[in-house]
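Shown below: entry16.csv, with CSV, C-alpha atoms (C1' of nucleotides).
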chain,number,residue,atom,x,y,z
S,19,MET,CA,69.5,78.6,106.1
S,20,ALA,CA,65.8,78.0,106.2
S,21,ASP,CA,66.5,77.0,109.7
S,22,ALA,CA,68.1,80.3,110.6
S,23,ASN,CA,64.8,82.0,109.7
S,24,SER,CA,62.7,79.7,111.9
S,25,HIS,CA,61.9,82.4,114.4
S,26,THR,CA,59.8,84.3,111.9
S,27,GLN,CA,57.5,86.1,114.3
S,28,ALA,CA,59.6,86.5,117.4
S,29,SER,CA,61.5,89.8,117.4
S,30,PRO,CA,62.1,89.6,121.1
S,31,LEU,CA,64.3,86.6,120.5
S,32,PHE,CA,66.2,88.3,117.7
S,33,LEU,CA,69.0,89.4,119.9
S,34,ARG,CA,69.2,86.3,122.0
S,35,GLU,CA,72.6,85.4,123.3
S,36,ALA,CA,73.0,82.4,121.1
S,37,GLU,CA,72.6,84.5,118.0
S,38,ILE,CA,75.2,87.0,119.2
S,39,ARG,CA,77.6,84.2,120.1
S,40,ARG,CA,77.1,82.7,116.7
S,41,GLY,CA,78.0,86.0,115.1
S,42,VAL,CA,81.0,86.4,117.3
S,43,GLU,CA,82.3,82.9,116.5
S,44,LEU,CA,81.7,83.0,112.8
S,45,LEU,CA,83.4,86.4,112.6
S,46,TYR,CA,86.4,85.1,114.6
S,47,PHE,CA,86.8,82.0,112.5
S,48,GLY,CA,85.9,83.7,109.2
S,49,TYR,CA,88.5,86.4,109.8
S,50,ALA,CA,91.1,84.0,110.9
S,51,ASN,CA,90.7,81.8,107.9
S,52,MET,CA,90.7,84.6,105.5
S,53,VAL,CA,94.0,85.9,106.6
S,54,ARG,CA,95.6,82.5,107.0
S,55,GLY,CA,95.4,82.0,103.3
S,56,ALA,CA,98.0,84.6,102.6
S,57,ASP,CA,100.5,83.4,105.2
S,58,GLY,CA,102.2,80.9,102.8
S,59,VAL,CA,102.9,83.6,100.2
S,60,LEU,CA,104.2,85.9,102.9
S,61,ALA,CA,106.5,83.3,104.3
S,62,THR,CA,108.2,82.8,101.0
S,63,ARG,CA,109.4,86.4,101.2
S,64,GLY,CA,110.1,86.5,105.0
S,65,LEU,CA,107.3,88.9,105.6
S,66,GLY,CA,104.5,89.0,108.2
S,67,ARG,CA,100.9,89.9,108.4
S,68,ALA,CA,101.8,93.5,109.3
S,69,HIS,CA,103.6,93.9,106.0
S,70,HIS,CA,100.6,92.5,104.2
S,71,ARG,CA,98.2,94.9,105.8
S,72,ALA,CA,100.3,97.9,104.9
S,73,MET,CA,100.8,96.7,101.3
S,74,TYR,CA,97.1,96.0,101.0
S,75,PHE,CA,96.1,99.6,101.8
S,76,ILE,CA,98.9,101.1,99.7
S,77,ALA,CA,97.6,99.0,96.8
S,78,ARG,CA,94.1,100.2,97.5
S,79,ARG,CA,95.0,103.8,97.6
S,80,PRO,CA,98.2,104.5,95.7
S,81,GLY,CA,99.8,107.8,96.9
S,82,LEU,CA,98.4,107.3,100.4
S,83,PRO,CA,100.2,109.5,102.9
S,84,VAL,CA,101.7,107.9,106.0
S,85,SER,CA,99.2,109.6,108.3
S,86,ASP,CA,96.3,108.0,106.5
S,87,LEU,CA,97.8,104.6,106.7
S,88,LEU,CA,98.4,105.1,110.4
S,89,ARG,CA,94.7,105.9,110.8
S,90,LEU,CA,93.7,102.8,108.8
S,91,LEU,CA,95.9,100.5,110.7
S,92,ALA,CA,95.3,102.1,114.1
S,93,ILE,CA,98.8,101.5,115.3
S,94,THR,CA,101.6,103.8,116.3
S,95,LYS,CA,104.0,105.4,113.9
S,96,GLN,CA,106.9,103.6,115.6
S,97,SER,CA,105.3,100.3,114.8
S,98,LEU,CA,104.5,101.3,111.2
S,99,SER,CA,107.9,102.7,110.6
S,100,ARG,CA,109.5,99.3,111.2
S,101,VAL,CA,107.2,97.7,108.7
S,102,LEU,CA,107.5,100.4,106.1
S,103,GLY,CA,111.3,100.4,106.5
S,104,ASP,CA,111.3,96.7,105.7
S,105,LEU,CA,109.1,97.2,102.6
S,106,GLN,CA,111.3,100.1,101.3
S,107,THR,CA,114.5,98.1,101.9
S,108,MET,CA,113.0,95.2,99.9
S,109,GLN,CA,112.0,97.6,97.1
S,110,LEU,CA,108.3,96.7,97.5
S,111,VAL,CA,107.2,100.2,98.5
S,112,ALA,CA,108.4,103.6,97.2
S,113,VAL,CA,107.9,107.0,98.7
S,114,ALA,CA,107.4,110.4,97.1
S,115,VAL,CA,107.3,113.9,98.5
S,116,GLY,CA,103.8,115.3,98.5
S,117,ALA,CA,103.1,118.0,95.9
S,118,ARG,CA,100.6,120.0,97.7
S,119,ASP,CA,102.2,119.4,101.1
S,120,ARG,CA,105.9,118.7,100.9
S,121,ARG,CA,105.9,117.3,104.5
S,122,GLN,CA,103.9,114.3,103.4
S,123,ARG,CA,105.4,111.1,102.2
S,124,LEU,CA,103.1,109.5,99.6
S,125,LEU,CA,103.3,105.7,99.5
S,126,THR,CA,103.1,103.6,96.4
S,127,LEU,CA,103.9,100.0,95.5
S,128,THR,CA,106.8,99.4,93.2
S,129,THR,CA,106.2,97.0,90.2
S,130,GLU,CA,107.6,94.2,92.3
S,131,GLY,CA,105.4,95.3,95.3
S,132,ALA,CA,102.4,95.3,93.1
S,133,ALA,CA,103.1,91.8,91.9
S,134,LEU,CA,103.4,90.5,95.4
S,135,GLU,CA,100.3,92.3,96.5
S,136,ALA,CA,98.4,90.8,93.6
S,137,ALA,CA,99.6,87.3,94.7
S,138,LEU,CA,98.5,88.0,98.2
S,139,PHE,CA,95.2,89.4,97.1
S,140,GLU,CA,94.6,86.3,95.0
S,141,GLU,CA,94.7,84.2,98.2
S,142,LEU,CA,92.1,86.5,99.8
S,143,ARG,CA,90.0,86.5,96.6
S,144,ARG,CA,90.0,82.7,96.4
S,145,GLY,CA,88.4,82.3,99.8
S,146,MET,CA,86.1,85.3,99.6
S,147,ALA,CA,84.8,84.4,96.2
S,148,ALA,CA,84.1,80.8,97.3
S,149,ALA,CA,82.2,82.2,100.3
S,150,TYR,CA,80.2,84.6,98.2
S,151,THR,CA,79.3,81.9,95.7
S,152,ALA,CA,78.3,79.4,98.4
S,153,ALA,CA,76.2,81.9,100.2
S,154,GLY,CA,74.6,83.5,97.2
S,155,GLN,CA,74.5,87.1,96.1
S,156,GLY,CA,71.6,87.9,98.4
S,157,SER,CA,73.7,87.0,101.4
S,158,VAL,CA,76.5,89.2,100.4
S,159,THR,CA,74.5,92.4,101.0
S,160,GLY,CA,73.6,91.2,104.5
S,161,PHE,CA,77.2,90.3,105.2
S,162,TRP,CA,78.2,93.8,104.2
S,163,ALA,CA,75.4,95.5,106.2
S,164,VAL,CA,76.2,93.7,109.5
S,165,LEU,CA,79.9,94.3,109.2
S,166,ALA,CA,79.4,98.0,108.4
S,167,GLY,CA,77.2,98.2,111.5
S,168,LEU,CA,80.1,97.0,113.6
S,169,ILE,CA,82.2,100.0,112.6
S,170,PRO,CA,81.8,103.0,114.9
S,171,GLN,CA,80.2,106.1,113.3
S,172,ALA,CA,83.4,108.0,113.7
S,173,ASP,CA,85.4,105.5,111.6
S,174,ARG,CA,83.0,104.9,108.8
S,175,PRO,CA,84.1,107.8,106.6
S,176,LEU,CA,87.6,106.3,106.7
S,177,VAL,CA,86.4,103.0,105.4
S,178,GLU,CA,84.0,104.5,102.9
S,179,ALA,CA,86.8,106.7,101.5
S,180,LEU,CA,88.8,103.6,100.9
S,181,GLN,CA,86.0,102.1,98.9
S,182,ALA,CA,84.9,105.3,97.1
S,183,GLY,CA,85.3,105.5,93.3
S,184,LEU,CA,85.7,101.8,92.6
Z,21,MET,CA,79.8,78.5,90.0
Z,22,ALA,CA,78.1,79.6,86.9
Z,23,ASP,CA,75.0,78.2,88.5
Z,24,ALA,CA,75.2,80.4,91.6
Z,25,ASN,CA,75.6,83.5,89.4
Z,26,SER,CA,72.8,82.6,87.0
Z,27,HIS,CA,70.0,84.4,88.8
Z,28,THR,CA,71.0,88.0,88.0
Z,29,GLN,CA,71.8,89.8,84.8
Z,30,ALA,CA,75.0,91.2,86.2
Z,31,SER,CA,76.4,87.8,86.9
Z,32,PRO,CA,79.8,88.3,85.3
Z,33,LEU,CA,80.3,91.2,87.6
Z,34,PHE,CA,79.3,89.4,90.8
Z,35,LEU,CA,82.8,88.4,91.8
Z,36,ARG,CA,84.4,91.6,90.7
Z,37,GLU,CA,87.5,92.6,92.5
Z,38,ALA,CA,85.8,95.6,94.1
Z,39,GLU,CA,83.2,93.4,95.7
Z,40,ILE,CA,85.9,91.1,97.0
Z,41,ARG,CA,87.9,94.0,98.4
Z,42,ARG,CA,84.8,95.5,100.0
Z,43,GLY,CA,84.3,92.2,101.8
Z,44,VAL,CA,87.9,91.9,102.9
Z,45,GLU,CA,87.9,95.4,104.3
Z,46,LEU,CA,84.6,95.2,106.1
Z,47,LEU,CA,85.7,91.9,107.6
Z,48,TYR,CA,89.0,93.4,108.7
Z,49,PHE,CA,87.5,96.5,110.3
Z,50,GLY,CA,84.4,94.7,111.6
Z,51,TYR,CA,86.5,92.1,113.4
Z,52,ALA,CA,89.0,94.7,114.7
Z,53,ASN,CA,86.2,96.8,116.1
Z,54,MET,CA,84.4,93.9,117.7
Z,55,VAL,CA,87.4,92.8,119.7
Z,56,ARG,CA,88.6,96.3,120.5
Z,57,GLY,CA,85.5,96.7,122.7
Z,58,ALA,CA,86.7,94.2,125.3
Z,59,ASP,CA,90.2,95.6,125.6
Z,60,GLY,CA,89.2,98.1,128.3
Z,61,VAL,CA,87.8,95.4,130.5
Z,62,LEU,CA,90.8,93.2,129.9
Z,63,ALA,CA,93.2,96.0,130.8
Z,64,THR,CA,91.6,96.5,134.3
Z,65,ARG,CA,92.7,92.9,135.1
Z,66,GLY,CA,96.0,93.0,133.3
Z,67,LEU,CA,94.9,90.4,130.8
Z,68,GLY,CA,95.3,90.3,127.0
Z,69,ARG,CA,93.2,89.2,124.1
Z,70,ALA,CA,94.7,85.7,124.2
Z,71,HIS,CA,93.2,85.3,127.7
Z,72,HIS,CA,89.9,86.5,126.5
Z,73,ARG,CA,89.8,84.0,123.6
Z,74,ALA,CA,90.6,81.1,126.0
Z,75,MET,CA,87.9,82.2,128.5
Z,76,TYR,CA,85.4,82.7,125.8
Z,77,PHE,CA,85.6,79.1,124.6
Z,78,ILE,CA,85.7,77.7,128.1
Z,79,ALA,CA,82.6,79.7,128.9
Z,80,ARG,CA,81.0,78.4,125.7
Z,81,ARG,CA,81.8,74.7,126.4
Z,82,PRO,CA,82.3,74.2,130.1
Z,83,GLY,CA,84.4,71.1,130.7
Z,84,LEU,CA,86.3,71.6,127.5
Z,85,PRO,CA,89.5,69.4,127.3
Z,86,VAL,CA,92.7,71.2,126.6
Z,87,SER,CA,93.1,69.5,123.3
Z,88,ASP,CA,89.8,70.8,122.0
Z,89,LEU,CA,90.7,74.3,123.1
Z,90,LEU,CA,94.0,74.0,121.2
Z,91,ARG,CA,92.2,73.0,118.1
Z,92,LEU,CA,89.8,76.0,118.4
Z,93,LEU,CA,92.5,78.5,119.0
Z,94,ALA,CA,94.9,77.0,116.5
Z,95,ILE,CA,98.0,77.7,118.5
Z,96,THR,CA,100.7,75.6,120.0
Z,97,LYS,CA,100.2,74.0,123.5
Z,98,GLN,CA,103.2,76.0,124.7
Z,99,SER,CA,101.5,79.3,123.8
Z,100,LEU,CA,98.3,78.1,125.4
Z,101,SER,CA,99.9,76.8,128.6
Z,102,ARG,CA,101.2,80.3,129.4
Z,103,VAL,CA,97.7,81.8,129.0
Z,104,LEU,CA,96.1,78.9,130.9
Z,105,GLY,CA,98.7,79.2,133.6
Z,106,ASP,CA,97.9,82.9,134.1
Z,107,LEU,CA,94.2,82.2,134.3
Z,108,GLN,CA,94.6,79.4,136.8
Z,109,THR,CA,96.9,81.5,139.0
Z,110,MET,CA,94.3,84.3,138.9
Z,111,GLN,CA,91.6,81.8,139.9
Z,112,LEU,CA,89.6,82.5,136.8
Z,113,VAL,CA,89.8,79.0,135.4
Z,114,ALA,CA,89.7,75.6,137.2
Z,115,VAL,CA,90.8,72.2,135.9
Z,116,ALA,CA,89.3,68.8,136.6
Z,117,VAL,CA,90.6,65.4,135.7
Z,118,GLY,CA,88.5,63.7,133.0
Z,119,ALA,CA,86.1,61.0,134.2
Z,120,ARG,CA,86.1,58.9,131.1
Z,121,ASP,CA,89.8,59.6,130.3
Z,122,ARG,CA,91.9,60.5,133.2
Z,123,ARG,CA,94.6,62.0,131.0
Z,124,GLN,CA,92.3,64.9,130.1
Z,125,ARG,CA,92.2,68.2,131.9
Z,126,LEU,CA,88.7,69.6,131.7
Z,127,LEU,CA,88.5,73.3,131.8
Z,128,THR,CA,85.8,75.4,133.5
Z,129,LEU,CA,85.5,79.0,134.6
Z,130,THR,CA,85.4,79.7,138.3
Z,131,THR,CA,82.6,81.9,139.6
Z,132,GLU,CA,84.9,84.9,139.3
Z,133,GLY,CA,86.0,83.8,135.9
Z,134,ALA,CA,82.4,83.5,134.8
Z,135,ALA,CA,81.7,87.0,136.0
Z,136,LEU,CA,84.6,88.4,134.1
Z,137,GLU,CA,83.6,86.5,130.9
Z,138,ALA,CA,80.1,87.9,131.3
Z,139,ALA,CA,81.5,91.4,131.4
Z,140,LEU,CA,83.7,90.8,128.4
Z,141,PHE,CA,80.8,89.2,126.5
Z,142,GLU,CA,78.7,92.2,127.3
Z,143,GLU,CA,81.2,94.3,125.3
Z,144,LEU,CA,80.9,92.0,122.3
Z,145,ARG,CA,77.2,91.8,122.7
Z,146,ARG,CA,76.8,95.5,122.6
Z,147,GLY,CA,78.5,95.9,119.3
Z,148,MET,CA,77.0,92.9,117.7
Z,149,ALA,CA,73.5,93.6,118.8
Z,150,ALA,CA,73.8,97.2,117.4
Z,151,ALA,CA,75.0,95.9,114.1
Z,152,TYR,CA,72.3,93.2,113.9
Z,153,THR,CA,69.7,95.9,114.7
Z,154,ALA,CA,71.0,98.4,112.2
Z,155,ALA,CA,71.3,95.8,109.4
Z,156,GLY,CA,68.0,94.1,110.1
Z,157,GLN,CA,67.2,90.5,110.6
Z,158,GLY,CA,67.3,89.6,107.0
Z,159,SER,CA,70.9,90.7,106.8
Z,160,VAL,CA,72.0,88.5,109.7
Z,161,THR,CA,71.3,85.3,107.8
Z,162,GLY,CA,73.4,86.5,105.0
Z,163,PHE,CA,76.2,87.6,107.4
Z,164,TRP,CA,76.3,84.1,108.8
Z,165,ALA,CA,76.1,82.4,105.5
Z,166,VAL,CA,79.1,84.2,104.0
Z,167,LEU,CA,81.2,83.8,107.1
Z,168,ALA,CA,80.4,80.1,107.3
Z,169,GLY,CA,81.6,79.9,103.7
Z,170,LEU,CA,85.0,81.3,104.6
Z,171,ILE,CA,85.6,78.3,107.0
Z,172,PRO,CA,87.3,75.3,105.3
Z,173,GLN,CA,85.2,72.2,105.1
Z,174,ALA,CA,87.5,70.4,107.5
Z,175,ASP,CA,87.1,73.0,110.2
Z,176,ARG,CA,83.3,73.3,110.0
Z,177,PRO,CA,82.4,70.5,112.4
Z,178,LEU,CA,84.6,72.2,115.0
Z,179,VAL,CA,82.6,75.4,114.8
Z,180,GLU,CA,79.3,73.7,114.5
Z,181,ALA,CA,80.0,71.5,117.6
Z,182,LEU,CA,80.6,74.8,119.4
Z,183,GLN,CA,77.2,76.0,118.5
Z,184,ALA,CA,75.2,72.8,118.8
Z,185,GLY,CA,72.6,72.5,121.5
Z,186,LEU,CA,72.2,76.2,122.3
V,14,DC,C1',100.7,41.7,129.4
V,15,DG,C1',103.6,44.8,127.0
V,16,DA,C1',104.1,48.2,123.3
V,17,DA,C1',102.6,52.0,121.2
V,18,DG,C1',99.9,56.0,121.0
V,19,DT,C1',97.6,60.0,123.2
V,20,DA,C1',96.8,64.0,126.6
V,21,DG,C1',99.2,67.1,128.8
V,22,DG,C1',103.1,69.8,130.9
V,23,DT,C1',107.6,72.0,130.8
V,24,DC,C1',112.2,74.2,129.7
V,25,DA,C1',114.7,77.1,126.6
V,26,DA,C1',115.3,80.2,122.9
V,27,DC,C1',113.6,83.1,119.5
V,28,DA,C1',110.4,86.1,116.2
V,29,DT,C1',106.7,89.3,115.4
V,30,DG,C1',104.4,93.1,116.1
V,31,DG,C1',102.4,95.9,119.3
V,32,DC,C1',103.5,99.8,123.0
V,33,DT,C1',105.5,104.2,125.6
V,34,DG,C1',108.5,108.1,126.0
V,35,DA,C1',111.7,111.4,124.3
V,36,DC,C1',113.7,114.0,120.6
V,37,DG,C1',114.5,116.3,116.2
V,38,DC,C1',113.6,118.5,111.8
V,39,DA,C1',111.3,120.5,107.8
V,40,DA,C1',107.3,122.5,106.2
V,41,DA,C1',102.8,124.6,106.7
V,42,DT,C1',99.7,127.5,109.2
V,43,DT,C1',98.4,131.4,111.9
M,22,DA,C1',107.8,135.0,114.3
M,23,DA,C1',105.6,131.4,116.7
M,24,DT,C1',103.1,127.3,116.6
M,25,DT,C1',101.4,123.2,114.7
M,26,DT,C1',101.7,119.3,111.7
M,27,DG,C1',103.9,115.3,109.2
M,28,DC,C1',107.3,112.3,109.6
M,29,DG,C1',111.4,109.9,111.3
M,30,DT,C1',114.3,107.8,114.9
M,31,DC,C1',116.5,105.9,119.2
M,32,DA,C1',115.7,102.9,123.1
M,33,DG,C1',113.4,99.7,125.7
M,34,DC,C1',109.5,96.9,127.1
M,35,DC,C1',105.5,93.6,126.6
M,36,DA,C1',102.2,90.1,124.7
M,37,DT,C1',101.8,86.4,122.1
M,38,DG,C1',103.1,83.5,118.7
M,39,DT,C1',106.9,79.9,117.1
M,40,DT,C1',110.3,75.4,117.2
M,41,DG,C1',112.4,71.6,119.4
M,42,DA,C1',113.4,68.5,123.0
M,43,DC,C1',112.0,65.9,126.7
M,44,DC,C1',108.9,64.1,130.5
M,45,DT,C1',104.9,61.7,132.9
M,46,DA,C1',100.5,59.6,133.2
M,47,DC,C1',97.1,57.2,131.1
M,48,DT,C1',94.7,54.5,127.4
M,49,DT,C1',94.5,51.4,123.7
M,50,DC,C1',95.7,47.6,120.9
M,51,DG,C1',98.0,43.4,119.3
Serialized structure, structure tokens:
Amino acid sequence: MADANSHTQASPLFLREAEIRRGVELLYFGYANMVRGADGVLATRGLGRAHHRAMYFIARRPGLPVSDLLRLLAITKQSLSRVLGDLQTMQLVAVAVGARDRRQRLLTLTTEGAALEAALFEELRRGMAAAYTAAGQGSVTGFWAVLAGLIPQADRPLVEALQAGL
Amino acid sequence: MADANSHTQASPLFLREAEIRRGVELLYFGYANMVRGADGVLATRGLGRAHHRAMYFIARRPGLPVSDLLRLLAITKQSLSRVLGDLQTMQLVAVAVGARDRRQRLLTLTTEGAALEAALFEELRRGMAAAYTAAGQGSVTGFWAVLAGLIPQADRPLVEALQAGL
DNA sequence: CGAAGTAGGTCAACATGGCTGACGCAAATT
DNA sequence: AATTTGCGTCAGCCATGTTGACCTACTTCG
């Protein structure tokens, strides 16, 4: 890590191709390894990564309307409906009619769904906590800052809303 | 692990669930947005993300044997062979018989393949460079450190070999 | 040398999770 | 009253992953 700072003066080199590629590759492998951890748990239930993503966001924002989940996942409603159908059939997700807007379907995890999500999250937590610890707290801020910079302006409110009021 | 936390007063909170979830989410959205950038270029050629990943690593390590590419992508050879077949048919990738080991097929990009990879890389570069700039150089080191920590020990040499001798 | 292991290719069948397009309905908005 | 919005659904297609079986060519090792 002292090595990574070895170009102390040279700003012109800051955006060199090698540094971009390093970021691309670490992001690729880091993401792949993070999600791989949960696959084992998912397999025991016959679920896939798409189910995990949906459950994750529902856990994060109980009462989430379908339209919000669609925006977060950035997939079509046809794709989501298959996943959501599975989760409802398996009694992992429950829907409620919106109070303010009765057209909305508000999504929540059932008790069983919450338990499964917790088990899945534990897999993510294990890897992420180890990475935070190995890198040190100072690194975590930088990690967040660069990743936030990858998200287009237009999408940031979506992500921030997810993380608001923790 | 107590040691890594010991330099702040809020140590017990360092690995709080909210901070883990923030990392998970930023990693998810950051990765998704990075790769989305190249989709437009890929679509003009009728290619998918799997083709991009293969071309990326071949560009990164010209003369890469198939077995190494398989390890990097972590997919089966049957899956890869479809992708590689497409790329060879489209004259984007060329194969050569290994000199030391004649069983090996060493992969390289053709001139046309290299041009396409450059265009795809430019899409990645744009987003990553903007994120590096917005976050600042200090953040980039932390970004790398945390991501590296997500990669299991066993896989690190693979990634480091990719980045060696830049 | 001969046996065993390795690098790679191939056929076939199947699963997952995206997509488009076309409809329909109930509820909210104007 | 007309329009828009939120959601669901049928039907079919595509990209990309999987398993398992089987094959050749080449290298390595006893």
Fit target chain Z, mobile chain S, all Cα in order, as a short mmCIF file (atom, residue, chain, number, x, y, z; two decimals) with C-alpha atoms, in the coordinates of the input:
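Done, and the output landed in part11.cif:
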data_model
loop_
_atom_site.label_atom_id
_atom_site.label_comp_id
_atom_site.auth_asym_id
_atom_site.auth_seq_id
_atom_site.Cartn_x
_atom_site.Cartn_y
_atom_site.Cartn_z
CA MET S 19 71.79 96.58 98.97
CA ALA S 20 69.63 96.74 95.90
CA ASP S 21 72.78 97.85 94.28
CA ALA S 22 74.71 94.77 95.31
CA ASN S 23 72.17 92.69 93.37
CA SER S 24 72.51 94.75 90.18
CA HIS S 25 74.26 92.00 88.28
CA THR S 26 71.16 89.84 88.27
CA GLN S 27 71.87 87.81 85.16
CA ALA S 28 75.63 87.70 85.02
CA SER S 29 77.01 84.64 86.82
CA PRO S 30 80.32 84.95 85.08
CA LEU S 31 80.90 88.19 86.93
CA PHE S 32 79.92 86.69 90.26
CA LEU S 33 83.42 85.95 91.28
CA ARG S 34 84.98 89.08 89.92
CA GLU S 35 87.96 90.39 91.77
CA ALA S 36 86.20 93.39 93.14
CA GLU S 37 83.64 91.22 94.86
CA ILE S 38 86.34 89.06 96.43
CA ARG S 39 88.26 92.13 97.57
CA ARG S 40 85.12 93.52 99.06
CA GLY S 41 84.63 90.33 101.03
CA VAL S 42 88.20 90.31 102.14
CA GLU S 43 88.05 93.93 103.35
CA LEU S 44 84.73 93.72 105.09
CA LEU S 45 85.84 90.54 106.86
CA TYR S 46 89.12 92.21 107.95
CA PHE S 47 87.43 95.31 109.25
CA GLY S 48 84.38 93.48 110.65
CA TYR S 49 86.61 91.11 112.60
CA ALA S 50 88.84 93.81 113.81
CA ASN S 51 86.03 95.91 115.08
CA MET S 52 84.32 93.11 116.76
CA VAL S 53 87.26 92.22 118.85
CA ARG S 54 88.26 95.79 119.59
CA GLY S 55 85.13 96.22 121.60
CA ALA S 56 86.31 93.93 124.32
CA ASP S 57 89.78 95.45 124.65
CA GLY S 58 88.66 98.10 127.22
CA VAL S 59 87.20 95.47 129.57
CA LEU S 60 90.32 93.38 129.20
CA ALA S 61 92.60 96.24 129.97
CA THR S 62 90.92 96.90 133.25
CA ARG S 63 92.07 93.47 134.40
CA GLY S 64 95.54 93.50 132.70
CA LEU S 65 94.56 90.79 130.32
CA GLY S 66 95.00 90.39 126.55
CA ARG S 67 93.10 89.08 123.63
CA ALA S 68 94.64 85.62 124.13
CA HIS S 69 93.09 85.40 127.57
CA HIS S 70 89.76 86.41 126.13
CA ARG S 71 89.82 83.77 123.47
CA ALA S 72 90.57 81.02 125.94
CA MET S 73 87.88 82.23 128.39
CA TYR S 74 85.40 82.49 125.55
CA PHE S 75 85.74 78.81 124.59
CA ILE S 76 85.83 77.62 128.21
CA ALA S 77 82.56 79.52 128.72
CA ARG S 78 81.15 77.92 125.61
CA ARG S 79 82.05 74.46 126.59
CA PRO S 80 82.47 74.12 130.34
CA GLY S 81 84.64 71.04 131.19
CA LEU S 82 86.58 71.41 127.94
CA PRO S 83 89.83 69.47 128.07
CA VAL S 84 93.08 71.27 127.28
CA SER S 85 93.58 69.31 124.06
CA ASP S 86 90.29 70.54 122.68
CA LEU S 87 91.07 74.10 123.46
CA LEU S 88 94.43 73.71 121.78
CA ARG S 89 92.63 72.49 118.66
CA LEU S 90 90.19 75.43 118.78
CA LEU S 91 92.83 77.99 119.20
CA ALA S 92 95.33 76.37 116.83
CA ILE S 93 98.32 77.39 118.86
CA THR S 94 100.96 75.45 120.70
CA LYS S 95 100.58 74.11 124.18
CA GLN S 96 103.52 76.26 125.33
CA SER S 97 101.67 79.34 124.24
CA LEU S 98 98.38 78.21 125.83
CA SER S 99 100.02 77.22 129.03
CA ARG S 100 101.18 80.79 129.65
CA VAL S 101 97.69 82.08 129.16
CA LEU S 102 95.99 79.40 131.19
CA GLY S 103 98.56 79.85 133.98
CA ASP S 104 97.63 83.52 134.14
CA LEU S 105 93.88 82.73 134.27
CA GLN S 106 94.36 80.09 137.06
CA THR S 107 96.58 82.46 139.08
CA MET S 108 93.86 85.14 138.82
CA GLN S 109 91.21 82.61 139.90
CA LEU S 110 89.27 83.07 136.64
CA VAL S 111 89.70 79.48 135.47
CA ALA S 112 89.64 76.23 137.50
CA VAL S 113 90.82 72.81 136.50
CA ALA S 114 89.51 69.36 137.36
CA VAL S 115 90.85 65.89 136.75
CA GLY S 116 88.89 64.08 134.08
CA ALA S 117 86.60 61.29 135.31
CA ARG S 118 86.73 59.03 132.42
CA ASP S 119 90.35 59.85 131.61
CA ARG S 120 92.33 60.98 134.62
CA ARG S 121 95.10 62.41 132.35
CA GLN S 122 92.80 65.14 131.15
CA ARG S 123 92.47 68.49 132.78
CA LEU S 124 88.90 69.77 132.36
CA LEU S 125 88.63 73.57 132.24
CA THR S 126 85.86 75.60 133.75
CA LEU S 127 85.33 79.25 134.61
CA THR S 128 85.15 80.16 138.24
CA THR S 129 82.20 82.44 139.34
CA GLU S 130 84.49 85.41 138.96
CA GLY S 131 85.68 84.10 135.51
CA ALA S 132 82.14 83.72 134.43
CA ALA S 133 81.31 87.26 135.40
CA LEU S 134 84.20 88.63 133.44
CA GLU S 135 83.39 86.49 130.46
CA ALA S 136 79.82 87.72 130.55
CA ALA S 137 81.13 91.35 130.54
CA LEU S 138 83.35 90.57 127.64
CA PHE S 139 80.62 88.77 125.78
CA GLU S 140 78.34 91.76 126.29
CA GLU S 141 80.80 93.89 124.27
CA LEU S 142 80.73 91.32 121.45
CA ARG S 143 76.92 91.04 121.68
CA ARG S 144 76.45 94.81 121.47
CA GLY S 145 78.20 95.05 118.13
CA MET S 146 76.92 91.80 116.67
CA ALA S 147 73.35 92.50 117.59
CA ALA S 148 73.54 96.01 116.06
CA ALA S 149 74.93 94.43 112.87
CA TYR S 150 72.25 91.79 112.74
CA THR S 151 69.50 94.33 113.28
CA ALA S 152 70.88 96.73 110.65
CA ALA S 153 71.28 94.02 108.12
CA GLY S 154 68.05 92.21 108.77
CA GLN S 155 67.40 88.61 109.67
CA GLY S 156 67.59 87.50 106.05
CA SER S 157 71.17 88.68 105.86
CA VAL S 158 72.20 86.81 108.88
CA THR S 159 71.75 83.40 107.21
CA GLY S 160 73.93 84.53 104.30
CA PHE S 161 76.55 85.85 106.67
CA TRP S 162 76.62 82.49 108.37
CA ALA S 163 76.70 80.49 105.09
CA VAL S 164 79.68 82.41 103.61
CA LEU S 165 81.67 82.25 106.79
CA ALA S 166 81.03 78.50 107.19
CA GLY S 167 82.23 78.08 103.60
CA LEU S 168 85.54 79.64 104.56
CA ILE S 169 86.21 76.90 107.10
CA PRO S 170 88.06 73.90 105.67
CA GLN S 171 86.08 70.61 105.62
CA ALA S 172 88.44 69.11 108.10
CA ASP S 173 87.74 71.80 110.73
CA ARG S 174 84.03 72.08 110.43
CA PRO S 175 83.14 69.31 112.87
CA LEU S 176 85.17 71.21 115.48
CA VAL S 177 83.16 74.33 115.00
CA GLU S 178 79.85 72.53 114.71
CA ALA S 179 80.56 70.66 117.97
CA LEU S 180 81.01 73.96 119.66
CA GLN S 181 77.63 75.10 118.48
CA ALA S 182 75.79 71.77 118.96
CA GLY S 183 73.00 71.58 121.56
CA LEU S 184 72.38 75.29 121.98
#
- With distances taken over only C-alpha atoms, which of S:Leu91, S:Leu124, S:Ala133, S:Ala72 is nearest to chain Z?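 Result for the nearest residue to chain Z: S:Leu91.
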- Query: Could you tell me, as a list of chain:residue names, which residues have any atom at most 9 Å from (111.4, 98.8, 127.1), counting only C-alpha atoms (C1' of nucleotides)?
  - Reply: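 Protein, DNA and RNA residues close to (111.4, 98.8, 127.1): V:DC32, V:DT33, M:DA32, M:DG33, M:DC34, M:DC35.
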Next, write the just-selected residues to a file, as a compact mmCIF listing (two decimals), keeping the file's coordinate frame, keeping C-alpha atoms (C1' of nucleotides) as the atom set.
# COMPACT_ATOMS: atom_id res chain seq x y z
C1' DC V 32 103.50 99.80 123.00
C1' DT V 33 105.50 104.20 125.60
C1' DA M 32 115.70 102.90 123.10
C1' DG M 33 113.40 99.70 125.70
C1' DC M 34 109.50 96.90 127.10
C1' DC M 35 105.50 93.60 126.60
